[in-house]
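Shown next: work-v6.pdb, containing PDB, C-alpha atoms.
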ATOM      1  CA  MET A   1     -53.122  40.406 116.760
ATOM      2  CA  LYS A   2     -56.742  39.948 117.746
ATOM      3  CA  LYS A   3     -57.250  38.565 121.224
ATOM      4  CA  ILE A   4     -59.957  35.905 120.980
ATOM      5  CA  LEU A   5     -62.128  34.859 123.902
ATOM      6  CA  ILE A   6     -64.388  31.839 123.517
ATOM      7  CA  VAL A   7     -67.784  32.326 125.128
ATOM      8  CA  GLY A   8     -68.584  29.073 126.900
ATOM      9  CA  ALA A   9     -66.107  26.548 128.284
ATOM     10  CA  GLY A  10     -68.365  23.512 128.048
ATOM     11  CA  GLY A  11     -68.070  20.706 125.532
ATOM     12  CA  PHE A  12     -68.854  22.767 122.445
ATOM     13  CA  GLY A  13     -66.707  25.679 123.569
ATOM     14  CA  ARG A  14     -63.757  23.321 123.996
ATOM     15  CA  GLU A  15     -64.359  21.965 120.497
ATOM     16  CA  VAL A  16     -64.361  25.501 119.096
ATOM     17  CA  TYR A  17     -61.054  26.106 120.857
ATOM     18  CA  TYR A  18     -59.431  23.321 118.880
ATOM     19  CA  TRP A  19     -61.128  24.220 115.592
ATOM     20  CA  ILE A  20     -59.617  27.702 115.873
ATOM     21  CA  LEU A  21     -56.158  26.265 116.553
ATOM     22  CA  ASP A  22     -56.647  23.941 113.594
ATOM     23  CA  SER A  23     -57.401  26.939 111.364
ATOM     24  CA  GLN A  24     -54.443  29.134 112.343
ATOM     25  CA  GLU A  25     -53.295  29.451 108.742
ATOM     26  CA  LYS A  26     -56.685  30.973 107.898
ATOM     27  CA  TYR A  27     -56.725  33.250 110.962
ATOM     28  CA  PRO A  28     -53.039  34.115 111.554
ATOM     29  CA  GLU A  29     -54.002  37.315 113.362
ATOM     30  CA  TRP A  30     -56.007  35.456 116.027
ATOM     31  CA  GLU A  31     -54.608  34.551 119.435
ATOM     32  CA  ILE A  32     -56.855  32.726 121.909
ATOM     33  CA  SER A  33     -56.639  34.429 125.296
ATOM     34  CA  GLY A  34     -59.092  32.241 127.182
ATOM     35  CA  PHE A  35     -62.726  31.402 127.852
ATOM     36  CA  ILE A  36     -65.643  33.308 129.337
ATOM     37  CA  ASP A  37     -67.916  31.166 131.500
ATOM     38  CA  ASP A  38     -69.902  31.681 134.692
ATOM     39  CA  ASN A  39     -68.457  28.411 135.975
ATOM     40  CA  LYS A  40     -64.888  29.332 136.866
ATOM     41  CA  ASN A  41     -64.082  25.621 137.293
ATOM     42  CA  ALA A  42     -65.424  24.605 133.867
ATOM     43  CA  LEU A  43     -61.980  23.477 132.680
ATOM     44  CA  GLU A  44     -61.106  21.539 135.821
ATOM     45  CA  GLY A  45     -59.830  18.103 134.850
ATOM     46  CA  TYR A  46     -59.009  19.170 131.295
ATOM     47  CA  LYS A  47     -55.658  20.241 129.872
ATOM     48  CA  TYR A  48     -55.904  23.618 128.163
ATOM     49  CA  GLU A  49     -53.246  26.261 127.686
ATOM     50  CA  VAL A  50     -55.648  29.104 128.457
ATOM     51  CA  PRO A  51     -57.966  29.605 131.455
ATOM     52  CA  VAL A  52     -61.466  30.846 132.142
ATOM     53  CA  VAL A  53     -60.610  34.533 132.366
ATOM     54  CA  SER A  54     -63.987  35.980 133.323
ATOM     55  CA  SER A  55     -67.577  35.195 134.094
ATOM     56  CA  ILE A  56     -70.212  36.404 131.656
ATOM     57  CA  LYS A  57     -71.745  38.747 134.187
ATOM     58  CA  ASP A  58     -68.381  40.324 135.080
ATOM     59  CA  PHE A  59     -66.916  40.556 131.583
ATOM     60  CA  SER A  60     -65.498  43.929 130.619
ATOM     61  CA  PRO A  61     -63.931  43.992 127.139
ATOM     62  CA  GLU A  62     -60.486  45.377 126.588
ATOM     63  CA  HIS A  63     -59.109  46.907 123.435
ATOM     64  CA  ASN A  64     -58.609  44.388 120.631
ATOM     65  CA  GLU A  65     -60.601  41.638 122.358
ATOM     66  CA  PHE A  66     -63.119  39.749 120.230
ATOM     67  CA  LEU A  67     -65.589  37.015 121.101
ATOM     68  CA  VAL A  68     -66.330  33.686 119.416
ATOM     69  CA  LEU A  69     -69.534  31.966 120.504
ATOM     70  CA  GLY A  70     -69.006  28.479 121.929
ATOM     71  CA  ILE A  71     -72.586  27.825 123.065
ATOM     72  CA  GLY A  72     -75.034  25.680 121.113
ATOM     73  CA  ILE A  73     -78.394  25.974 122.915
ATOM     74  CA  PRO A  74     -80.346  28.692 121.064
ATOM     75  CA  ARG A  75     -82.118  30.391 123.963
ATOM     76  CA  VAL A  76     -78.987  30.357 126.111
ATOM     77  CA  LYS A  77     -76.752  31.829 123.442
ATOM     78  CA  LYS A  78     -79.333  34.503 122.632
ATOM     79  CA  ASN A  79     -79.424  35.680 126.245
ATOM     80  CA  VAL A  80     -75.640  35.481 126.613
ATOM     81  CA  VAL A  81     -75.019  37.412 123.395
ATOM     82  CA  ARG A  82     -77.354  40.191 124.461
ATOM     83  CA  THR A  83     -75.690  40.422 127.866
ATOM     84  CA  LEU A  84     -72.194  40.615 126.394
ATOM     85  CA  GLN A  85     -73.154  43.048 123.650
ATOM     86  CA  ASN A  86     -74.683  45.338 126.275
ATOM     87  CA  ARG A  87     -71.292  45.255 128.005
ATOM     88  CA  GLY A  88     -69.517  46.250 124.782
ATOM     89  CA  GLY A  89     -68.502  42.778 123.609
ATOM     90  CA  LYS A  90     -67.631  42.427 119.917
ATOM     91  CA  PHE A  91     -68.380  39.107 118.235
ATOM     92  CA  VAL A  92     -66.705  37.678 115.160
ATOM     93  CA  SER A  93     -67.697  34.751 112.965
ATOM     94  CA  PHE A  94     -65.517  31.669 112.708
ATOM     95  CA  ILE A  95     -65.475  29.422 109.636
ATOM     96  CA  HIS A  96     -63.264  26.340 109.833
ATOM     97  CA  HIS A  97     -60.818  25.979 106.972
ATOM     98  CA  SER A  98     -62.485  22.769 105.770
ATOM     99  CA  ALA A  99     -65.952  24.317 105.415
ATOM    100  CA  ILE A 100     -67.268  24.719 101.867
ATOM    101  CA  LEU A 101     -69.231  27.857 100.982
ATOM    102  CA  GLY A 102     -70.607  28.075  97.469
ATOM    103  CA  GLN A 103     -71.885  30.962  95.362
ATOM    104  CA  ASN A 104     -73.983  33.692  97.014
ATOM    105  CA  VAL A 105     -73.678  32.418 100.574
ATOM    106  CA  SER A 106     -74.218  34.949 103.370
ATOM    107  CA  VAL A 107     -73.054  34.279 106.933
ATOM    108  CA  GLY A 108     -74.238  36.588 109.700
ATOM    109  CA  GLU A 109     -72.290  38.111 112.579
ATOM    110  CA  GLY A 110     -71.009  35.767 115.263
ATOM    111  CA  SER A 111     -71.823  32.528 113.448
ATOM    112  CA  VAL A 112     -69.663  29.412 113.841
ATOM    113  CA  LEU A 113     -69.110  26.859 111.066
ATOM    114  CA  CYS A 114     -67.337  23.707 112.208
ATOM    115  CA  PRO A 115     -65.287  21.212 110.154
ATOM    116  CA  ASN A 116     -66.690  19.757 106.924
ATOM    117  CA  THR A 117     -69.824  21.893 106.877
ATOM    118  CA  ILE A 118     -71.265  22.662 103.440
ATOM    119  CA  LEU A 119     -73.422  25.619 102.403
ATOM    120  CA  THR A 120     -74.031  24.967  98.725
ATOM    121  CA  CYS A 121     -75.305  28.115  96.998
ATOM    122  CA  ASP A 122     -77.729  30.981  97.610
ATOM    123  CA  VAL A 123     -77.831  30.203 101.324
ATOM    124  CA  THR A 124     -78.517  32.823 103.996
ATOM    125  CA  LEU A 125     -77.459  32.400 107.626
ATOM    126  CA  GLY A 126     -78.585  34.901 110.212
ATOM    127  CA  SER A 127     -76.437  36.074 113.103
ATOM    128  CA  PHE A 128     -75.052  33.676 115.740
ATOM    129  CA  VAL A 129     -75.955  30.528 113.828
ATOM    130  CA  THR A 130     -74.077  27.374 114.829
ATOM    131  CA  VAL A 131     -73.401  24.782 112.118
ATOM    132  CA  ASN A 132     -71.722  21.760 113.666
ATOM    133  CA  CYS A 133     -69.524  19.148 112.011
ATOM    134  CA  ALA A 134     -70.604  17.784 108.605
ATOM    135  CA  ALA A 135     -73.949  19.618 108.622
ATOM    136  CA  THR A 136     -75.199  20.858 105.254
ATOM    137  CA  ALA A 137     -77.585  23.470 103.907
ATOM    138  CA  GLY A 138     -78.727  23.151 100.311
ATOM    139  CA  HIS A 139     -79.545  25.747  97.686
ATOM    140  CA  ASP A 140     -81.962  28.583  98.446
ATOM    141  CA  THR A 141     -82.228  27.770 102.143
ATOM    142  CA  SER A 142     -82.328  30.269 104.995
ATOM    143  CA  ILE A 143     -81.483  29.729 108.650
ATOM    144  CA  GLY A 144     -82.586  32.280 111.225
ATOM    145  CA  SER A 145     -80.433  33.952 113.844
ATOM    146  CA  PHE A 146     -79.424  31.960 116.949
ATOM    147  CA  SER A 147     -80.366  28.623 115.386
ATOM    148  CA  THR A 148     -78.175  25.544 115.835
ATOM    149  CA  LEU A 149     -77.568  22.706 113.387
ATOM    150  CA  SER A 150     -76.021  19.761 115.214
ATOM    151  CA  GLY A 151     -73.632  17.346 113.540
ATOM    152  CA  HIS A 152     -74.728  15.795 110.212
ATOM    153  CA  VAL A 153     -77.934  17.806 109.961
ATOM    154  CA  ASP A 154     -79.233  18.100 106.377
ATOM    155  CA  ILE A 155     -81.263  21.154 105.371
ATOM    156  CA  THR A 156     -82.429  20.626 101.791
ATOM    157  CA  GLY A 157     -83.289  23.043  98.996
ATOM    158  CA  PHE A 158     -85.706  25.935  99.631
ATOM    159  CA  ALA A 159     -86.236  24.937 103.280
ATOM    160  CA  LYS A 160     -86.722  27.821 105.719
ATOM    161  CA  ILE A 161     -85.482  27.551 109.299
ATOM    162  CA  GLY A 162     -86.694  30.219 111.711
ATOM    163  CA  GLU A 163     -84.978  31.977 114.595
ATOM    164  CA  ALA A 164     -83.553  30.067 117.577
ATOM    165  CA  VAL A 165     -84.381  26.643 116.165
ATOM    166  CA  PHE A 166     -82.457  23.615 117.456
ATOM    167  CA  LEU A 167     -81.881  20.633 115.167
ATOM    168  CA  GLY A 168     -80.464  17.470 116.746
ATOM    169  CA  SER A 169     -77.789  15.288 115.162
ATOM    170  CA  HIS A 170     -78.660  13.656 111.820
ATOM    171  CA  ALA A 171     -81.990  15.486 111.529
ATOM    172  CA  SER A 172     -83.191  16.223 107.990
ATOM    173  CA  VAL A 173     -85.571  18.885 106.705
ATOM    174  CA  LEU A 174     -87.095  18.056 103.316
ATOM    175  CA  PRO A 175     -87.202  20.518 100.402
ATOM    176  CA  GLY A 176     -89.341  23.603 100.843
ATOM    177  CA  ILE A 177     -90.382  22.813 104.424
ATOM    178  CA  LYS A 178     -90.686  25.667 106.930
ATOM    179  CA  VAL A 179     -89.623  25.313 110.551
ATOM    180  CA  GLU A 180     -90.857  28.232 112.624
ATOM    181  CA  ASP A 181     -89.067  30.116 115.410
ATOM    182  CA  TYR A 182     -88.015  28.331 118.641
ATOM    183  CA  ALA A 183     -88.896  24.877 117.351
ATOM    184  CA  THR A 184     -86.884  21.796 118.294
ATOM    185  CA  ILE A 185     -86.180  18.949 115.890
ATOM    186  CA  GLY A 186     -85.139  15.708 117.591
ATOM    187  CA  ALA A 187     -82.026  13.787 116.612
ATOM    188  CA  GLY A 188     -82.479  11.604 113.549
ATOM    189  CA  SER A 189     -85.849  13.093 112.670
ATOM    190  CA  VAL A 190     -87.054  13.601 109.107
ATOM    191  CA  VAL A 191     -89.208  16.718 108.819
ATOM    192  CA  VAL A 192     -91.801  16.346 106.053
ATOM    193  CA  ASN A 193     -94.352  18.937 107.212
ATOM    194  CA  LYS A 194     -94.261  22.486 108.543
ATOM    195  CA  VAL A 195     -93.212  22.744 112.197
ATOM    196  CA  LYS A 196     -95.069  25.427 114.119
ATOM    197  CA  LYS A 197     -93.481  27.951 116.444
ATOM    198  CA  GLY A 198     -92.171  26.472 119.683
ATOM    199  CA  ASN A 199     -93.135  22.881 118.885
ATOM    200  CA  THR A 200     -90.879  19.870 119.365
ATOM    201  CA  VAL A 201     -90.990  17.083 116.785
ATOM    202  CA  PHE A 202     -89.328  13.698 116.646
ATOM    203  CA  GLY A 203     -89.245  10.614 114.440
ATOM    204  CA  ASN A 204     -89.361   9.544 110.798
ATOM    205  CA  PRO A 205     -91.602  11.077 109.672
ATOM    206  CA  ALA A 206     -91.329  13.697 112.416
ATOM    207  CA  LYS A 207     -94.390  14.043 114.620
ATOM    208  CA  VAL A 208     -95.205  16.552 117.351
ATOM    209  CA  ILE A 209     -94.206  15.334 120.812
ATOM    210  CA  PHE A 210     -94.547  18.737 122.477
ATOM    211  CA  GLU A 211     -96.979  21.390 121.290
ATOM    212  CA  SER A 212     -96.426  24.953 122.404
ATOM    213  CA  GLN A 213     -99.551  26.372 124.009
ATOM    214  CA  GLN A 214     -98.530  29.982 123.618
ATOM    215  CA  ASP A 215     -96.128  32.098 121.648
ATOM    216  CA  GLU A 216     -92.558  31.668 122.765
ATOM    217  CA  LYS A 217     -91.174  34.775 124.395
ATOM    218  CA  GLU A 218     -87.756  36.052 123.476
TER     219      GLU A 218
END
Can you give me the file's structure in the form of structure tokens?
Amino acid sequence: MKKILIVGAGGFGREVYYWILDSQEKYPEWEISGFIDDNKNALEGYKYEVPVVSSIKDFSPEHNEFLVLGIGIPRVKKNVVRTLQNRGGKFVSFIHHSAILGQNVSVGEGSVLCPNTILTCDVTLGSFVTVNCAATAGHDTSIGSFSTLSGHVDITGFAKIGEAVFLGSHASVLPGIKVEDYATIGAGSVVVNKVKKGNTVFGNPAKVIFESQQDEKE
């Protein structure tokens, strides 16, 4: 059996907990041992069969322990992943049993695909990409490492999403559009033009509401 620890015991981490339980037939060798979170009281008031077993800063992996990322904010998960990898943490990807992956789809290390996600064909996901419920990526799209697609996001054919991009619920990126690293796409927005590095856009059509004045630092 693989002992699975979910990194993050907030709302998304708790969702991932259930999605794993719901996919036990697909991952019969997985056993959830608990959560890793710097807030030891993160589960207070909730009913879960496993506890917060360690903080991120104090985590020391044991043999046969593997990590599933339950954090959605790109910059936060990037920093957390680096910290845990430096401590010897080993991440695995999780793909819910209801997800649909077509021909020539590549999913990077540590990515999480939630229920009813669709990656059609010739799609490339980097490492530690989060694809939340009912989000889709069309043919010939690419999504950079540490990016997050919230629920019902639609990435259409030949679109290119950079590293550590956050897309809010029901956002759409039109065919062939490029969204550069560290950009933020507001919920419900329709992206019809290139989004520059670090910018935040919102609306239909999406317009810049925050313009980065300097290159985003990792």
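A straight line drawn from CA of Thr141 (chain A) to CA of Ser172 (chain A) is 13.0 Å long.
For the structure in this document, the set picked by the PyMOL selection byres ((chain A and resi 67) around 9) is Lys3, Ile4, Leu5, Ile6, Val7, Glu65, Phe66, Val68, Leu69, Gly89, Lys90, Phe91, Val92, Ser93 and Gly110 of chain A.
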Please provide the set of residues having any atom within 6 Å of Lys2 (chain A), restricted to all atoms listed in the file, with same-chain residues fewer than 2 positions apart removed, written as a list in words.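 Non-adjacent residues within range: Glu29, Trp30 and Asn64 of chain A.
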I need the residue set behind the PyMOL selection byres ((chain A and resi 113-116) around 12) for this file; please write it as number ranges by chain. A: 12-13, 15-20, 22-23, 68-70, 72, 92-101, 107-112, 117-119, 125, 127-137, 148-153
Coordinates-based distance that separates CA of Val81 (chain A) from CA of Ile185 (chain A) (Å, one decimal): 22.8 Å
